[in-house]
$ cat work18.cif   # mmCIF, C-alpha atoms and all ligand atoms
data_coords
loop_
_atom_site.label_atom_id
_atom_site.label_comp_id
_atom_site.auth_asym_id
_atom_site.auth_seq_id
_atom_site.Cartn_x
_atom_site.Cartn_y
_atom_site.Cartn_z
CA MET A 1 120.23 97.12 77.60
CA ASP A 2 119.82 100.34 79.58
CA PRO A 3 117.59 99.61 82.65
CA ASN A 4 115.93 102.98 82.17
CA THR A 5 114.60 101.90 78.76
CA LEU A 6 113.33 98.63 80.25
CA LYS A 7 111.57 100.53 83.03
CA GLN A 8 109.99 102.82 80.44
CA ARG A 9 108.71 99.79 78.50
CA VAL A 10 107.07 98.13 81.49
CA GLY A 11 105.65 101.45 82.68
CA GLN A 12 104.03 101.86 79.28
CA ALA A 13 102.82 98.24 79.17
CA ALA A 14 101.14 98.63 82.56
CA LEU A 15 98.72 101.18 81.08
CA ASP A 16 96.76 98.21 79.66
CA TYR A 17 95.74 97.30 83.22
CA ILE A 18 94.23 100.70 84.00
CA GLN A 19 90.48 101.08 83.49
CA PRO A 20 89.32 104.61 82.60
CA ASP A 21 87.43 106.30 85.45
CA SER A 22 88.76 103.86 88.05
CA ILE A 23 90.72 104.52 91.23
CA LEU A 24 94.24 103.20 90.85
CA GLY A 25 96.70 102.06 93.51
CA VAL A 26 100.19 103.36 92.77
CA GLY A 27 103.49 102.18 94.24
CA THR A 28 106.85 103.89 94.60
CA GLY A 29 110.21 103.90 92.85
CA SER A 30 111.96 104.64 89.58
CA THR A 31 109.90 102.09 87.60
CA VAL A 32 106.64 103.48 88.95
CA ASN A 33 107.88 106.96 88.03
CA LYS A 34 107.98 105.76 84.40
CA LEU A 35 104.41 104.49 84.75
CA ILE A 36 103.32 107.91 86.04
CA GLU A 37 105.07 109.60 83.10
CA ALA A 38 103.30 107.28 80.65
CA LEU A 39 99.98 107.82 82.43
CA GLY A 40 100.41 111.59 82.09
CA GLN A 41 101.10 111.27 78.38
CA ALA A 42 98.24 108.84 77.74
CA ALA A 43 95.87 111.09 79.71
CA ILE A 44 93.67 108.16 80.85
CA PRO A 45 90.89 109.75 82.94
CA LEU A 46 90.92 108.51 86.54
CA ARG A 47 88.63 109.19 89.50
CA GLY A 48 91.82 109.28 91.52
CA ALA A 49 94.70 107.26 92.91
CA VAL A 50 95.71 105.87 96.28
CA SER A 51 99.42 106.43 96.65
CA SER A 52 102.07 104.56 98.63
CA SER A 53 104.41 107.48 99.38
CA GLU A 54 104.73 111.24 99.58
CA ALA A 55 107.07 111.11 96.55
CA THR A 56 104.48 109.29 94.40
CA SER A 57 101.69 111.59 95.59
CA ALA A 58 103.67 114.63 94.44
CA LEU A 59 104.23 113.13 90.96
CA LEU A 60 100.58 112.11 90.61
CA ARG A 61 99.39 115.62 91.50
CA LYS A 62 101.84 117.03 88.93
CA ILE A 63 100.09 115.10 86.14
CA GLY A 64 96.68 116.15 87.45
CA VAL A 65 95.61 112.94 89.22
CA ALA A 66 93.69 113.43 92.47
CA VAL A 67 95.33 111.62 95.39
CA LEU A 68 92.80 109.95 97.67
CA ALA A 69 93.44 108.74 101.21
CA ALA A 70 93.39 104.96 101.64
CA GLU A 71 90.59 105.43 104.20
CA GLU A 72 88.37 106.90 101.49
CA VAL A 73 88.17 103.71 99.42
CA ASP A 74 86.68 100.28 100.13
CA GLY A 75 88.93 98.52 97.69
CA LEU A 76 90.86 98.85 94.45
CA ASP A 77 90.81 96.80 91.28
CA VAL A 78 94.49 97.24 90.53
CA TYR A 79 97.69 98.19 92.35
CA ILE A 80 100.80 98.74 90.22
CA ASP A 81 104.25 98.74 91.79
CA GLY A 82 107.86 97.74 91.24
CA ALA A 83 109.97 95.24 93.18
CA ASP A 84 113.54 94.77 94.32
CA GLU A 85 113.32 91.02 93.67
CA ILE A 86 110.58 88.76 92.35
CA ASP A 87 110.55 84.95 92.22
CA ALA A 88 108.70 82.62 89.84
CA SER A 89 105.66 82.42 92.15
CA GLY A 90 105.27 86.23 92.29
CA CYS A 91 106.64 86.62 95.83
CA MET A 92 108.73 89.75 96.17
CA ILE A 93 111.19 91.70 98.24
CA LYS A 94 110.18 95.36 98.36
CA GLY A 95 111.18 98.45 100.33
CA GLY A 96 114.39 99.54 98.64
CA GLY A 97 112.70 102.94 98.39
CA ALA A 98 111.62 102.81 102.07
CA ALA A 99 107.91 102.84 101.17
CA LEU A 100 107.15 99.21 102.08
CA THR A 101 104.55 99.83 104.79
CA ARG A 102 102.25 102.00 102.72
CA GLU A 103 102.94 99.77 99.71
CA LYS A 104 101.68 96.74 101.62
CA ILE A 105 98.63 98.62 102.87
CA VAL A 106 97.64 99.77 99.38
CA ALA A 107 98.45 96.37 97.85
CA ASP A 108 96.17 94.78 100.45
CA LEU A 109 93.29 96.97 99.27
CA ALA A 110 93.67 95.74 95.71
CA ARG A 111 92.25 92.70 93.97
CA GLN A 112 95.17 92.58 91.50
CA PHE A 113 98.85 93.41 92.08
CA VAL A 114 100.59 94.22 88.80
CA CYS A 115 104.34 94.16 89.33
CA ILE A 116 106.46 96.10 86.84
CA ALA A 117 110.15 95.32 86.80
CA ASP A 118 113.19 95.02 84.61
CA ILE A 119 114.61 91.55 84.16
CA SER A 120 117.44 92.13 86.68
CA LYS A 121 114.81 91.82 89.44
CA GLN A 122 113.91 88.22 88.58
CA VAL A 123 115.50 85.68 90.96
CA GLU A 124 115.20 82.01 91.74
CA VAL A 125 115.29 82.48 95.50
CA LEU A 126 114.65 85.76 97.32
CA GLY A 127 117.34 87.14 99.58
CA SER A 128 120.31 88.49 97.63
CA PHE A 129 118.79 91.97 97.90
CA PRO A 130 119.02 93.10 101.55
CA LEU A 131 115.57 92.60 103.09
CA PRO A 132 114.09 95.93 104.26
CA VAL A 133 112.23 95.81 107.57
CA GLU A 134 110.50 98.93 108.89
CA VAL A 135 110.83 99.02 112.68
CA ILE A 136 109.90 101.13 115.68
CA PRO A 137 113.22 102.80 116.60
CA MET A 138 113.32 101.56 120.23
CA ALA A 139 113.12 97.94 118.97
CA ALA A 140 115.88 98.21 116.37
CA ALA A 141 118.74 96.81 118.48
CA GLN A 142 116.69 93.88 119.81
CA LEU A 143 115.46 93.07 116.29
CA ALA A 144 119.04 93.16 115.00
CA ARG A 145 119.91 90.57 117.67
CA ARG A 146 116.99 88.38 116.54
CA PHE A 147 118.29 88.46 112.97
CA ALA A 148 121.83 87.71 114.18
CA ALA A 149 120.46 84.63 115.97
CA MET A 150 119.19 83.44 112.57
CA GLY A 151 122.67 83.91 111.08
CA ALA A 152 121.71 87.16 109.28
CA GLN A 153 123.02 90.70 109.67
CA ALA A 154 120.75 93.72 110.14
CA ARG A 155 122.01 97.20 109.39
CA LEU A 156 120.21 100.46 110.20
CA ARG A 157 119.55 102.40 106.99
CA ARG A 158 121.07 105.89 107.07
CA GLN A 159 120.64 109.04 105.01
CA ALA A 160 123.52 110.74 103.18
CA ASP A 161 124.22 112.91 106.28
CA GLY A 162 124.68 109.78 108.43
CA GLN A 163 121.44 110.20 110.37
CA PRO A 164 119.11 107.20 110.54
CA LEU A 165 116.62 107.35 107.71
CA ARG A 166 113.04 108.12 108.76
CA THR A 167 110.27 106.67 106.64
CA ASP A 168 107.12 108.59 105.68
CA ASN A 169 105.72 107.03 108.89
CA GLY A 170 108.57 108.35 111.06
CA GLN A 171 110.11 104.90 111.65
CA HIS A 172 113.49 103.31 110.92
CA ILE A 173 114.54 100.67 108.38
CA LEU A 174 116.78 97.67 108.99
CA ASP A 175 118.35 96.16 105.86
CA VAL A 176 118.99 92.48 106.46
CA THR A 177 121.57 90.45 104.57
CA GLY A 178 122.43 86.76 104.76
CA LEU A 179 118.90 85.40 104.36
CA HIS A 180 118.02 82.64 101.92
CA ILE A 181 114.26 83.07 101.64
CA ASP A 182 113.05 79.75 100.28
CA GLU A 183 109.76 79.89 102.24
CA PRO A 184 108.72 83.54 101.79
CA LEU A 185 105.26 83.27 103.34
CA ARG A 186 106.51 81.45 106.44
CA LEU A 187 109.30 84.00 107.00
CA GLU A 188 106.97 86.95 106.33
CA LEU A 189 104.55 85.71 109.00
CA GLU A 190 107.34 84.93 111.47
CA ILE A 191 109.12 88.30 111.22
CA SER A 192 105.81 90.22 111.14
CA ALA A 193 105.02 88.81 114.60
CA TRP A 194 108.19 90.14 116.28
CA PRO A 195 107.53 93.05 118.65
CA GLY A 196 108.61 96.34 117.09
CA VAL A 197 108.33 95.21 113.47
CA VAL A 198 106.06 97.55 111.54
CA THR A 199 106.38 95.83 108.15
CA VAL A 200 108.69 93.24 106.65
CA GLY A 201 109.54 93.75 102.99
CA ILE A 202 108.58 90.19 101.99
CA PHE A 203 105.42 90.38 99.86
CA ALA A 204 104.17 86.79 99.87
CA ARG A 205 100.69 87.33 101.34
CA ASN A 206 100.34 90.22 98.90
CA LYS A 207 102.29 88.71 96.05
CA ALA A 208 102.10 89.84 92.43
CA SER A 209 99.13 88.50 90.47
CA VAL A 210 100.92 89.34 87.26
CA CYS A 211 104.43 90.58 86.52
CA LEU A 212 105.37 92.65 83.48
CA LEU A 213 109.04 91.89 83.11
CA GLY A 214 111.06 94.07 80.76
CA GLY A 215 113.94 92.45 78.93
CA PRO A 216 115.94 93.09 75.75
CA ASP A 217 113.33 91.20 73.68
CA GLY A 218 110.37 93.17 75.01
CA VAL A 219 107.94 92.84 77.90
CA ALA A 220 107.02 89.34 79.09
CA THR A 221 103.80 88.84 81.05
CA LEU A 222 104.24 86.31 83.86
CA HIS A 223 101.26 84.94 85.81
C1 LIG A 301 110.02 101.05 97.17
C2 LIG A 301 109.94 99.76 96.48
C3 LIG A 301 110.21 99.75 95.00
O1 LIG A 301 109.13 99.18 94.35
C4 LIG A 301 111.44 98.95 94.74
O2 LIG A 301 112.49 99.48 95.53
C5 LIG A 301 111.83 98.99 93.26
O3 LIG A 301 112.23 100.27 92.93
P1 LIG A 301 112.75 100.66 91.49
O4 LIG A 301 111.57 100.63 90.58
O5 LIG A 301 113.32 102.05 91.68
O6 LIG A 301 113.81 99.67 91.11
O7 LIG A 301 109.66 98.73 97.03
O8 LIG A 301 109.86 100.93 98.55
#
$ encode --input "work18.cif" --output "structure tokens"
Amino acid sequence: MDPNTLKQRVGQAALDYIQPDSILGVGTGSTVNKLIEALGQAAIPLRGAVSSSEATSALLRKIGVAVLAAEEVDGLDVYIDGADEIDASGCMIKGGGAALTREKIVADLARQFVCIADISKQVEVLGSFPLPVEVIPMAAAQLARRFAAMGAQARLRRQADGQPLRTDNGQHILDVTGLHIDEPLRLELEISAWPGVVTVGIFARNKASVCLLGGPDGVATLH
């Protein structure tokens, strides 16, 4: 089945988790874009949203949702976002859209993380999708050597014109292949402690509380 249709379905299903007049945390990516479309059509009144990227902020403003700074809120009930991979325990790889740092910050504000994904994102063990790591540029080469010492390969993410990609925070991304992430929390904590790492795209501390997984038979709710 067309992944676009599956993304539409989970975007629509996620509306059930949005309380009228609340402040919503909103992630980034093509699945979240479907949620924003559905939100615009359903016209659920919101006090505002805390967004995880400039791209999401622009779409939210387009449908008339006020974008609030993370510093303006004490906490959020719900954060809704996609994933590049999700395992059975709700741990995820995120950052394919380069928004991982703000995604983790907004997820950390929320009591509930609702992951919306098509079934292709479900895996037994994380690590087939290259792990995004946002890094301070001057540390990139040293961090690549650290990954090599673990038997993995880190590659600097580039834009279409060949220049290193800059995140919304002005930093670089390393995409790391060759990892078999069978202890996501342990690896998240280890990599997070390396000098120059801004954010590692393992979401184990901030794992999904619930996952709406779109497949050919409909949307399954996994807890
Ligand atoms: C962006 C992300 C996205 O949630 C992830 O890449 C999934 O994106 P999509 O919904 O387009 O498949 O982490 O940084």
$ residues_near_ligand --input "work18.cif" --ligand "ligand LIG 301 (chain A)" --cutoff "6 Å" --atoms "all atoms listed in the file" --output "list of chain:residue names"
A:Thr28, A:Gly29, A:Ser30, A:Thr31, A:Val32, A:Asp81, A:Gly82, A:Ala83, A:Asp84, A:Lys94, A:Gly95, A:Gly96, A:Gly97, A:Ala98, A:Ala99, A:Leu100
$ atom_distance --input "work18.cif" --atom1 "atom CA of Glu134 of chain A" --atom2 "atom CA of His172 of chain A"
5.7 Å
$ closest_residue --input "work18.cif" --among "A:Ala49, A:Met138, A:Val78, A:Val106" --to "Gln19 of chain A" --atoms "all atoms listed in the file"
A:Val78
$ atom_distance --input "work18.cif" --atom1 "atom CA of Ile119 of chain A" --atom2 "atom CA of Leu213 of chain A"
5.7 Å
$ residues_around --input "work18.cif" --residues "segment 60-63 of chain A" --least-positions-apart "6" --cutoff "12 Å" --atoms "only C-alpha atoms" --output "list in words"
Leu24, Gly25, Val26, Gly27, Thr28, Val32, Asn33, Lys34, Leu35, Ile36, Glu37, Ala38, Leu39, Gly40, Gln41, Ala42, Ala43, Ile44, Pro45, Leu46, Gly48, Ala49, Val50, Ser51, Ser52, Ser53 and Glu54 of chain A
$ closest_residue --input "work18.cif" --among "A:Asp161, A:Asp182, A:Asp77, A:Asp87" --to "Ser120 of chain A" --atoms "all atoms listed in the file"
A:Asp87
$ closest_residue --input "work18.cif" --among "A:Leu187, A:Ile80, A:Val200, A:Met92" --to "Tyr17 of chain A" --atoms "only C-alpha atoms"
A:Ile80
$ atom_distance --input "work18.cif" --atom1 "atom CA of Leu185 of chain A" --atom2 "atom CA of Ala148 of chain A"
20.3 Å
$ axis_aligned_box --input "work18.cif" --around "segment 120-135 of chain A" --padding-each-side "4 Å" --output "AutoDock Vina command-line options"
--center_x 115.4 --center_y 90.5 --center_z 99.7 --size_x 17.8 --size_y 25.0 --size_z 34.0
$ closest_residue --input "work18.cif" --among "A:Leu174, A:Ala160, A:Ile86, A:Leu131" --to "Ala208 of chain A" --atoms "all atoms listed in the file"
A:Ile86
$ closest_residue --input "work18.cif" --among "A:Tyr79, A:Ile23, A:Ser192, A:Glu85" --to "Val65 of chain A" --atoms "all atoms listed in the file"
A:Ile23
$ decode --input "work18.cif" --residues "segment 103-145 of chain A" --atoms "N, CA and C atoms" --output "mmCIF file, in the first residue's frame"
data_model
loop_
_atom_site.group_PDB
_atom_site.id
_atom_site.type_symbol
_atom_site.label_atom_id
_atom_site.label_comp_id
_atom_site.auth_asym_id
_atom_site.auth_seq_id
_atom_site.Cartn_x
_atom_site.Cartn_y
_atom_site.Cartn_z
ATOM 1 N N GLU A 103 13.420 18.098 18.446
ATOM 2 C CA GLU A 103 12.432 17.035 18.706
ATOM 3 C C GLU A 103 12.627 16.469 20.117
ATOM 4 N N LYS A 104 13.888 16.250 20.483
ATOM 5 C CA LYS A 104 14.126 15.673 21.821
ATOM 6 C C LYS A 104 13.766 16.674 22.908
ATOM 7 N N ILE A 105 14.033 17.940 22.658
ATOM 8 C CA ILE A 105 13.710 18.972 23.659
ATOM 9 C C ILE A 105 12.191 19.038 23.867
ATOM 10 N N VAL A 106 11.440 19.049 22.765
ATOM 11 C CA VAL A 106 9.980 19.165 22.909
ATOM 12 C C VAL A 106 9.408 17.862 23.478
ATOM 13 N N ALA A 107 9.942 16.728 23.045
ATOM 14 C CA ALA A 107 9.478 15.444 23.597
ATOM 15 C C ALA A 107 9.701 15.409 25.107
ATOM 16 N N ASP A 108 10.815 15.976 25.551
ATOM 17 C CA ASP A 108 11.146 15.951 26.978
ATOM 18 C C ASP A 108 10.196 16.807 27.812
ATOM 19 N N LEU A 109 9.540 17.772 27.150
ATOM 20 C CA LEU A 109 8.562 18.615 27.856
ATOM 21 C C LEU A 109 7.236 17.890 28.046
ATOM 22 N N ALA A 110 7.044 16.807 27.283
ATOM 23 C CA ALA A 110 5.704 16.205 27.203
ATOM 24 C C ALA A 110 5.557 14.992 28.108
ATOM 25 N N ARG A 111 4.340 14.827 28.623
ATOM 26 C CA ARG A 111 4.050 13.652 29.448
ATOM 27 C C ARG A 111 3.817 12.417 28.574
ATOM 28 N N GLN A 112 3.328 12.631 27.340
ATOM 29 C CA GLN A 112 3.037 11.482 26.476
ATOM 30 C C GLN A 112 3.627 11.730 25.077
ATOM 31 N N PHE A 113 4.370 10.744 24.578
ATOM 32 C CA PHE A 113 4.918 10.825 23.218
ATOM 33 C C PHE A 113 4.081 9.886 22.351
ATOM 34 N N VAL A 114 3.344 10.469 21.417
ATOM 35 C CA VAL A 114 2.550 9.659 20.483
ATOM 36 C C VAL A 114 3.335 9.587 19.171
ATOM 37 N N CYS A 115 3.814 8.380 18.872
ATOM 38 C CA CYS A 115 4.566 8.201 17.625
ATOM 39 C C CYS A 115 3.596 7.811 16.517
ATOM 40 N N ILE A 116 3.715 8.454 15.375
ATOM 41 C CA ILE A 116 2.879 8.095 14.225
ATOM 42 C C ILE A 116 3.808 7.625 13.099
ATOM 43 N N ALA A 117 3.535 6.442 12.595
ATOM 44 C CA ALA A 117 4.465 5.869 11.618
ATOM 45 C C ALA A 117 3.755 4.852 10.741
ATOM 46 N N ASP A 118 4.271 4.689 9.535
ATOM 47 C CA ASP A 118 3.775 3.586 8.716
ATOM 48 C C ASP A 118 4.554 2.338 9.095
ATOM 49 N N ILE A 119 4.003 1.203 8.710
ATOM 50 C CA ILE A 119 4.507 -0.076 9.234
ATOM 51 C C ILE A 119 5.955 -0.376 8.832
ATOM 52 N N SER A 120 6.442 0.306 7.773
ATOM 53 C CA SER A 120 7.828 0.077 7.336
ATOM 54 C C SER A 120 8.832 0.536 8.394
ATOM 55 N N LYS A 121 8.371 1.332 9.370
ATOM 56 C CA LYS A 121 9.296 1.860 10.383
ATOM 57 C C LYS A 121 9.483 0.901 11.559
ATOM 58 N N GLN A 122 8.660 -0.139 11.606
ATOM 59 C CA GLN A 122 8.726 -1.080 12.739
ATOM 60 C C GLN A 122 9.891 -2.062 12.529
ATOM 61 N N VAL A 123 10.764 -2.176 13.532
ATOM 62 C CA VAL A 123 11.921 -3.075 13.414
ATOM 63 C C VAL A 123 12.062 -3.902 14.697
ATOM 64 N N GLU A 124 12.815 -4.995 14.573
ATOM 65 C CA GLU A 124 13.093 -5.771 15.780
ATOM 66 C C GLU A 124 14.215 -5.138 16.571
ATOM 67 N N VAL A 125 15.278 -4.775 15.846
ATOM 68 C CA VAL A 125 16.435 -4.138 16.492
ATOM 69 C C VAL A 125 16.758 -2.867 15.723
ATOM 70 N N LEU A 126 16.961 -1.766 16.463
ATOM 71 C CA LEU A 126 17.281 -0.492 15.812
ATOM 72 C C LEU A 126 18.677 -0.549 15.179
ATOM 73 N N GLY A 127 18.835 0.154 14.077
ATOM 74 C CA GLY A 127 20.196 0.303 13.538
ATOM 75 C C GLY A 127 20.342 0.106 12.046
ATOM 76 N N SER A 128 19.297 -0.384 11.368
ATOM 77 C CA SER A 128 19.428 -0.473 9.899
ATOM 78 C C SER A 128 19.396 0.925 9.299
ATOM 79 N N PHE A 129 18.531 1.795 9.854
ATOM 80 C CA PHE A 129 18.494 3.186 9.400
ATOM 81 C C PHE A 129 19.736 3.884 9.971
ATOM 82 N N PRO A 130 20.491 4.599 9.122
ATOM 83 C CA PRO A 130 21.693 5.275 9.635
ATOM 84 C C PRO A 130 21.346 6.212 10.798
ATOM 85 N N LEU A 131 22.065 6.072 11.895
ATOM 86 C CA LEU A 131 21.758 6.841 13.112
ATOM 87 C C LEU A 131 22.224 8.290 12.961
ATOM 88 N N PRO A 132 21.269 9.257 12.992
ATOM 89 C CA PRO A 132 21.677 10.658 12.903
ATOM 90 C C PRO A 132 22.236 11.144 14.247
ATOM 91 N N VAL A 133 23.334 11.869 14.181
ATOM 92 C CA VAL A 133 23.920 12.462 15.384
ATOM 93 C C VAL A 133 24.237 13.918 15.052
ATOM 94 N N GLU A 134 23.598 14.851 15.771
ATOM 95 C CA GLU A 134 23.899 16.269 15.535
ATOM 96 C C GLU A 134 25.154 16.615 16.314
ATOM 97 N N VAL A 135 26.120 17.252 15.629
ATOM 98 C CA VAL A 135 27.425 17.491 16.261
ATOM 99 C C VAL A 135 27.888 18.924 16.025
ATOM 100 N N ILE A 136 28.726 19.395 16.940
ATOM 101 C CA ILE A 136 29.415 20.673 16.744
ATOM 102 C C ILE A 136 30.446 20.430 15.637
ATOM 103 N N PRO A 137 30.464 21.278 14.592
ATOM 104 C CA PRO A 137 31.328 20.992 13.440
ATOM 105 C C PRO A 137 32.786 20.665 13.789
ATOM 106 N N MET A 138 33.399 21.384 14.748
ATOM 107 C CA MET A 138 34.830 21.141 15.004
ATOM 108 C C MET A 138 35.087 19.756 15.612
ATOM 109 N N ALA A 139 34.022 19.083 16.084
ATOM 110 C CA ALA A 139 34.193 17.761 16.692
ATOM 111 C C ALA A 139 33.909 16.625 15.703
ATOM 112 N N ALA A 140 33.446 16.977 14.502
ATOM 113 C CA ALA A 140 32.929 15.931 13.595
ATOM 114 C C ALA A 140 33.972 14.850 13.283
ATOM 115 N N ALA A 141 35.201 15.263 12.982
ATOM 116 C CA ALA A 141 36.211 14.271 12.581
ATOM 117 C C ALA A 141 36.555 13.348 13.761
ATOM 118 N N GLN A 142 36.714 13.937 14.946
ATOM 119 C CA GLN A 142 37.045 13.122 16.133
ATOM 120 C C GLN A 142 35.895 12.152 16.449
ATOM 121 N N LEU A 143 34.659 12.637 16.297
ATOM 122 C CA LEU A 143 33.512 11.764 16.582
ATOM 123 C C LEU A 143 33.442 10.637 15.558
ATOM 124 N N ALA A 144 33.776 10.945 14.312
ATOM 125 C CA ALA A 144 33.788 9.890 13.279
ATOM 126 C C ALA A 144 34.805 8.818 13.648
ATOM 127 N N ARG A 145 35.943 9.230 14.222
ATOM 128 C CA ARG A 145 36.957 8.250 14.646
ATOM 129 C C ARG A 145 36.435 7.401 15.811
#
